[in-house]
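Since the structure comes first, as structure tokens, the remarks are kept for the end.
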Amino acid sequence: MSQTKEEILKLLFQHKETFISGQAICEQLGCSRTAVWKHITELRKEGYTIESVQKRGYKLLEAPKRLTKEEVLANLNSRYFGKVIDFHEVVPSTQKIAHHLAEDGATHGTLVLADEQAGGRGRLGRVWHSPKGTGIWMSLILKPDLTINRIPQLTLLAAVAIVRSIKKVSDVDCSIKWPNDILFEGKKLVGILTELQSEMENVRAVIIGMGINVNIEWADMPAEIRDIATSLKIITGKTQSRVMLIQTIMTELEKLYDLYLNEGFEVIKPMWETYALSIGKVIRARTMQGEVLQGVAKGINNDGVLLLEDDQGVVHHIYSADIEI
Ligand code: BT5
């Protein structure tokens with residue numbers, strides 16, 4: 001889409017309830033009336049219903065149901081998270097694209113967003129099902145001035161931001177299963193994948209991948225996840241706004257990230273603990289090296305590492321694992 005057409009669409013979304021005059025559009029974008037008319041005609045052909053009334057201007061009545069970056073950008077209240085969006089209808093994986101963009105100098109807060117992923121992935125190369133039009137599949141690029149050992153904290157911080165955003169937008173209370181799952185009644189609603197680009201001890205970029213099942217129906221889920229996964233639509237019985245959820249996550253995440261940079265993980269930890277599922281319970285942790293440990297989850301330490309006490313009273317530090325509760 002041309003830059004001017006994108007900007008016109010953004011203005012129409014921002015004035016969704018009211019008219020915006022052709023003159024105001026021309027002045028804001030520095031283009032001619034004819035150019036505005038040409039782009040409005042094209043947008044109508046693409047499925048946007050735009051009313052035009054003489055002397056009042058244009059009003060967006062209905063947009064096609066698909067996800068667009070213009071709609072996300074139109075009412076995004078963050079300062080830098082998601083302010084640059086690289087949108088794709090279909091990609092193998094937003095993580096992959098985000099890694100390339102980060103190497104090519106993408107700015108801090110750039111968001112890669114897709115309507116469908118053909119090769120979405122979880123940890124250890126596992127499959128992440130990302131069917132078309134039903135979820136939020138996105139990767140946020142951060143360029144933090146942090147040491148490598150602090151990066152796992154960002155997964156926990158992102159989980160808190162997502163849980164809070166889901167509560168705000170859909171009024172659903174969900175819980176966090178350390179380190180990267182968000183669950184509702186034991187079923188997985190969100191998966192987070194934090195990856196790193198580094199040189200020796202220096203972090204060059206962090207990519208936070210977020211997969212959120214928003215409007216997928218139970219019957220449309222692949223058989224292998226039907227018993228373990230859920231979606232906001234299944235939980236609430238209603239179609240939920242992906243746009244509003246993305247916008248809210250960007251602002252919540254940015255707010256928590258700023259707080260984290262100013263005051264450290266100590267302020268995020270108690271927030272995380274209020275949503276955490278497994279603390280105080282007997283769990284089984286299967287580490288990424290294949291070791292299985294069983295014991296009571298005592299909590300997380302200030303690095304975000306899980307502390308597990310076995311029946312001999314030995315406390316193990318778990319850096320990365322799958323948890324069974
Ligand atoms: C995760 O891995 O949970 C991280 C998922 C991250 C996905 C996002 S989407 C945007 C970005 N681009 C990507 O390519 N990835 C990120 P893990 O803890 O390893 O869990 C993977 C397991 O979750 C699979 O083995 C399945 O059992 C299950 N699973 C797969 N798809 C699912 C879905 N849509 N909903 C719920 N569970 C799913």
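Naming works like this for the structure tokens: A, B, ... for the chains as they're shown, residue 1 at the start of each chain, ligands 1 onward in shown order.
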Q | DSSP strand (DSSP E or B) residues within segment 193-252 of chain A, as a ChimeraX atom specification | A | /A:193-199,202-213,229
Selected residues written out, C-alpha atoms, as a PDB file, in the first residue's frame:
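The resulting part-v8.pdb:
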ATOM      1  CA  LEU A 193       9.297 -17.358  22.768  1.00  0.00           C
ATOM      2  CA  THR A 194      12.180 -15.078  23.720  1.00  0.00           C
ATOM      3  CA  GLU A 195      15.260 -15.260  21.512  1.00  0.00           C
ATOM      4  CA  LEU A 196      18.523 -13.441  21.598  1.00  0.00           C
ATOM      5  CA  GLN A 197      21.143 -11.991  19.281  1.00  0.00           C
ATOM      6  CA  SER A 198      24.407 -11.497  21.096  1.00  0.00           C
ATOM      7  CA  GLU A 199      28.103 -11.041  20.652  1.00  0.00           C
ATOM      8  CA  ASN A 202      26.742  -8.174  24.738  1.00  0.00           C
ATOM      9  CA  VAL A 203      23.083  -8.359  23.815  1.00  0.00           C
ATOM     10  CA  ARG A 204      22.498  -6.959  20.348  1.00  0.00           C
ATOM     11  CA  ALA A 205      18.768  -7.629  20.129  1.00  0.00           C
ATOM     12  CA  VAL A 206      16.011  -9.548  21.851  1.00  0.00           C
ATOM     13  CA  ILE A 207      13.041 -10.889  19.928  1.00  0.00           C
ATOM     14  CA  ILE A 208       9.930 -11.548  21.984  1.00  0.00           C
ATOM     15  CA  GLY A 209       7.591 -13.809  20.009  1.00  0.00           C
ATOM     16  CA  MET A 210       3.990 -13.935  21.180  1.00  0.00           C
ATOM     17  CA  GLY A 211       1.371 -16.367  19.935  1.00  0.00           C
ATOM     18  CA  ILE A 212      -2.178 -15.726  21.181  1.00  0.00           C
ATOM     19  CA  ASN A 213      -5.200 -17.841  20.272  1.00  0.00           C
ATOM     20  CA  ALA A 229      -5.258 -25.481  23.935  1.00  0.00           C
TER      21      ALA A 229
END
Q.
Could you list, as an NGL selection string, all residues that come within 7 Å of ligand 1? Count only C-alpha atoms and all ligand atoms.
A. :A and (93-95 or 119-124 or 126-130 or 137-139 or 180-181 or 188-193 or 209-211 or 213 or 225 or 228-230)
Q: Would you work out the distance separating atom CA of Lys16 of chain A from atom CA of Leu43 of chain A, expressed in Å to one decimal?
A: 14.8 Å
Do a neighbour search on segment 88-92 of chain A at 6 Å with only C-alpha atoms, toss out local chain neighbours closer than 4 positions, and write the hits as a compact mmCIF listing (two decimals) with C-alpha atoms, in the first residue's frame.
# COMPACT_ATOMS: atom_id res chain seq x y z
CA ALA A 114 1.29 -11.68 10.57
CA ASP A 115 -2.25 -12.87 9.90
CA GLU A 116 -1.00 -16.41 9.40
CA GLN A 117 2.22 -18.36 9.98
CA ALA A 118 2.97 -21.39 7.89
CA GLY A 119 5.97 -22.39 10.00
Taking only residues of segment 223-292 of chain A that have an atom at most 7 Å from an atom of segment 298-308 of chain A, what is each one's shortest atom pair and its distance in Å to one decimal, using only C-alpha atoms, in chain and number order, as CSV?
residue,atom,partner,partner_atom,distance
A:Phe265,CA,A:Asn302,CA,6.5
A:Glu266,CA,A:Asn302,CA,6.4
A:Ile279,CA,A:Gly299,CA,5.4
A:Gly280,CA,A:Lys298,CA,5.6
Emit the selected residues as a PDB file, in the first residue's frame, including C-alpha atoms.
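Listing of part-v4.pdb after writing:
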ATOM      1  CA  PHE A 265      13.043  -6.954  38.224  1.00  0.00           C
ATOM      2  CA  GLU A 266      12.226  -6.636  41.953  1.00  0.00           C
ATOM      3  CA  ILE A 279       4.245 -21.747  43.245  1.00  0.00           C
ATOM      4  CA  GLY A 280       3.956 -23.890  46.388  1.00  0.00           C
TER       5      GLY A 280
END
(Q) Would you pick out the contacts of Asp258 of chain A at 12 Å or less, using only C-alpha atoms, so that residues sharing its chain but fewer than 2 positions from it are not included, and give the list as a ChimeraX atom specification? (A) /A:78-81,144,154,157,251-256,260-265,267-268
Q) Which residues in segment 34-153 of chain A does DSSP call alpha helix (DSSP H)? List them as number ranges by chain. A) A: 34-45, 69-74, 94-103, 151-153
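Nearest residue to Glu7 of chain A among A:Lys59, A:Gly237, A:Leu277, A:Glu70 is A:Glu70, counting only C-alpha atoms.
Minimum distance to Leu12 of chain A across A:Thr155, A:Ser52, A:Asn215, A:Thr236 (counting only C-alpha atoms) occurs at A:Ser52.
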